[in-house]
Amino acid sequence: METPAHLADLVVDAQTAVQPLRRAQALEMRRMQIAAIWGLLAFVVAFAASLIFFAGADNVPMFHSFPEWEPVSSNFTAQTVPGEVGISFQRLADAFVAFLRSGDSDQIAAASRLLSCAMIFIAVGFTYRNLLLEHYEVHELYAQYEDFKRASQTRMHRISRLLVALALTITNYVLFSVLWIILSQIFKEFSAPFWSAAGFSAVSVAAITAIFVYWSLTVTTRHLVALGLLTFITGLCASFALASPENGQQWWQAAISRAGADPRVSWLFTATLGSVFIIFVLLWIDVDNFVRLITVQGEAQRALTAQATGGGLRASIQQWINTHTYQIFRALYFLALFGLLGVGFVRTDARDIGTLIAHTGGATSAIIIFNIVGLFFASWYPDPVLGQPFKRTSLILVGVGILSVVLFAIGVLNLTGIELICLLIIGFWLYLALENLLIYVNTLALNARAAQVSAEGA
């Protein structure tokens with residue numbers, strides 16, 4: 001058989017060409033094997049624990065309710081809700097106590113969810129990024145390879161294992177809860193004998209543990225931002241679905257944070273935003289050195305422009321911004337994150353102006369800051385760093401954000417509408433900025449390696 005004419009110029013050294021593929025295949029097999037081992041371990045642990053949980057029950061239902069999602073009037077003493085104003089921790093602690101009692105609730109869903117959360121926290125703590133160096137090398141992401149090689153030796157990396165495990169546990173909690181509710185609607189009134197119920201519980205725990213372990217072995221920076229967005233979306237959606245009307249109004253008729261005011265789910269709203277905060281702090285740690293790199297390059301190019309434009313107050317201000325860009329960007333990023341954290345943790349009272357500032361001001365500052373950062377990147381960074389397509393997209397997103405504010409001002413959108421639009425813009429822009437940043441730094445690293453090989457060959 002002849003080679004197609006349009007493919008004749010491709011590399012003909014098949015042995016050399018297939019080596020990266022073989023390495024990638026070997027890496028995937030190792031991931032699958034490690035995930036399978038953890039899944040088997042999770043099955044054994046979950047089966048034994050389920051036998052204990054379901055002891056004395058002849059027939060175990062799939063699902064009837066999760067203890068911590070019960071109304072305040074439920075029989076669980078952990079559901080007593082104090083009148084909270086200011087920073088809220090008590091409801092979070094109460095819900096955690098109720099969650100720990102899920103194993104005694106005689107239902108497959110609650111027991112397996114409790115066991116899956118425990119197994120995922122342990123498994124991710126052991127497996128987080130264990131194969132990431134190989135992943136970066138196989139896929140020729142050399143900038144991330146070198147940066148992670150240095151970071152993996154630090155204490156912060158060990159701490160990040162626990163932080164990511166906590167964030168993944170919260171994500172699993174929400175996703176697994178929703179999954180069991182859907183299954184209970186598909187298999188209505190499903191129940192199983194004692195041994196079968198333990199088997200169903202163990203299989204579900206093993207499957208979800210294997211999936212999370214497979215993911216955690218090669219968590220890239222892109223995966224972190226995706227995890228943050230997934231946790232944010234699923235956690236808020238669960239809060240919205242569970243929120244009860246207040247004064248005759250649904251949550252969407254007021255504001256997003258109204259869902260967090262419901263005593264049944266205020267802890268879920270708080271835990272979601274706390275988890276997102278952790279993930280995006282770790283995201284900054286991942287890209288910190290890359291942000292420094294492009295900032296230095298941007299400063300150098302802007303300094304030449306500033307010299308050409310002469311002196312004066314405007315030039316002095318521009319020079320100060322040029323030399324403090326990294327510090328400004330870092331301060332804005334964390335100010336926005338703390339603003340979102342305030343939305344989740346602060347309960348407001350009209351008589352306490354401090355709570356209103358921390359809660360409402362936090363949400364407003366987060367939205368405004370990301371719009372400012374979008375304009376900053378679009379107008380300040382030179383083309384070689386991020387490029388015109390990214391700049392144009394940033395300007396369009398900022399324009400959409402401004403338009404939504406105008407529509408809110410004239411009564412076309414309510415507060416919930418503008419909040420949802422702005423959050424979607426923030427998520428999309430953040431992912432887009434990260435993609436551009438990683439492509440740029442990895443291209444620099446790839447070119448540097450090619451130049452080094454060329455110099456050694458000469």
# chains A, B, ... in the order shown; residues from 1 in each chain; ligands from 1
>>> select_by_dssp(residues="stretch 50-194 of chain A", states="helix (DSSP H, G or I)", output="PyMOL selection string")
chain A and resi 50-53+67-69+77-79+90-105+108-127+132-138+142-151+155-186+194
>>> closest_atom_pairs(of="stretch 205-269 of chain A", to="stretch 111-125 of chain A", cutoff="7 Å", atoms="only C-alpha atoms", output="CSV")
residue,atom,partner,partner_atom,distance
A:Val205,CA,A:Ser116,CA,4.9
A:Thr209,CA,A:Ile120,CA,5.7
A:Phe212,CA,A:Ile120,CA,6.9
A:Val213,CA,A:Val124,CA,6.1
A:Ser216,CA,A:Val124,CA,6.2
>>> residues_around(residues="A:Ile279", least_positions_apart="6", cutoff="12 Å", atoms="only C-alpha atoms", output="JSON, numbers by chain")
{"A": [160, 161, 162, 163, 164, 165, 166, 167, 168, 170, 171, 221, 222, 223, 224, 225, 226, 227, 228, 229, 230, 231, 232, 272, 273, 285, 286, 337]}
>>> write_last_selection(atoms="C-alpha atoms", output="compact mmCIF listing (two decimals), in the first residue's frame")
# COMPACT_ATOMS: atom_id res chain seq x y z
CA SER A 160 -1.58 21.40 49.51
CA ARG A 161 -2.28 17.65 49.57
CA LEU A 162 -4.56 18.10 52.56
CA LEU A 163 -6.16 21.25 51.16
CA VAL A 164 -6.96 19.64 47.80
CA ALA A 165 -8.22 16.50 49.57
CA LEU A 166 -10.59 18.69 51.60
CA ALA A 167 -11.81 20.53 48.49
CA LEU A 168 -12.35 17.27 46.60
CA ILE A 170 -16.68 18.73 49.43
CA THR A 171 -17.05 18.37 45.65
CA THR A 221 -2.91 23.71 36.94
CA ARG A 222 -5.71 23.53 34.37
CA HIS A 223 -7.36 20.79 36.43
CA LEU A 224 -7.24 23.00 39.52
CA VAL A 225 -9.14 25.86 37.94
CA ALA A 226 -11.63 23.36 36.47
CA LEU A 227 -12.09 21.83 39.94
CA GLY A 228 -12.68 25.28 41.43
CA LEU A 229 -15.33 26.11 38.85
CA LEU A 230 -16.97 22.67 39.19
CA THR A 231 -17.11 22.95 42.99
CA PHE A 232 -18.52 26.46 42.74
CA THR A 272 -18.73 25.65 48.86
CA LEU A 273 -17.25 29.14 48.93
CA ILE A 285 0.70 29.18 44.16
CA ASP A 286 0.85 27.11 40.96
CA LEU A 337 -10.99 35.90 46.81
>>> select_by_dssp(residues="stretch 46-267 of chain A", states="strand (DSSP E)", output="number ranges by chain")
A: 59-61, 86-87, 191-193
>>> residues_around(residues="A:Ile186", least_positions_apart="6", cutoff="12 Å", atoms="only C-alpha atoms", output="tab-separated table (two decimals) with N, CA and C atoms, in the first residue's frame")
chain	number	residue	atom	x	y	z
A	62	MET	N	-32.73	2.50	49.53
A	62	MET	CA	-31.67	3.24	48.86
A	62	MET	C	-31.52	4.64	49.45
A	63	PHE	N	-32.65	5.35	49.58
A	63	PHE	CA	-32.57	6.75	50.04
A	63	PHE	C	-33.94	7.21	50.53
A	179	LEU	N	-26.23	12.52	42.81
A	179	LEU	CA	-26.31	11.25	42.08
A	179	LEU	C	-27.27	10.28	42.76
A	180	TRP	N	-27.19	10.17	44.09
A	180	TRP	CA	-28.06	9.24	44.79
A	180	TRP	C	-29.52	9.70	44.75
>>> atom_distance(atom1="atom CA of A:Thr127", atom2="atom CA of A:Phe47")
22.3 Å
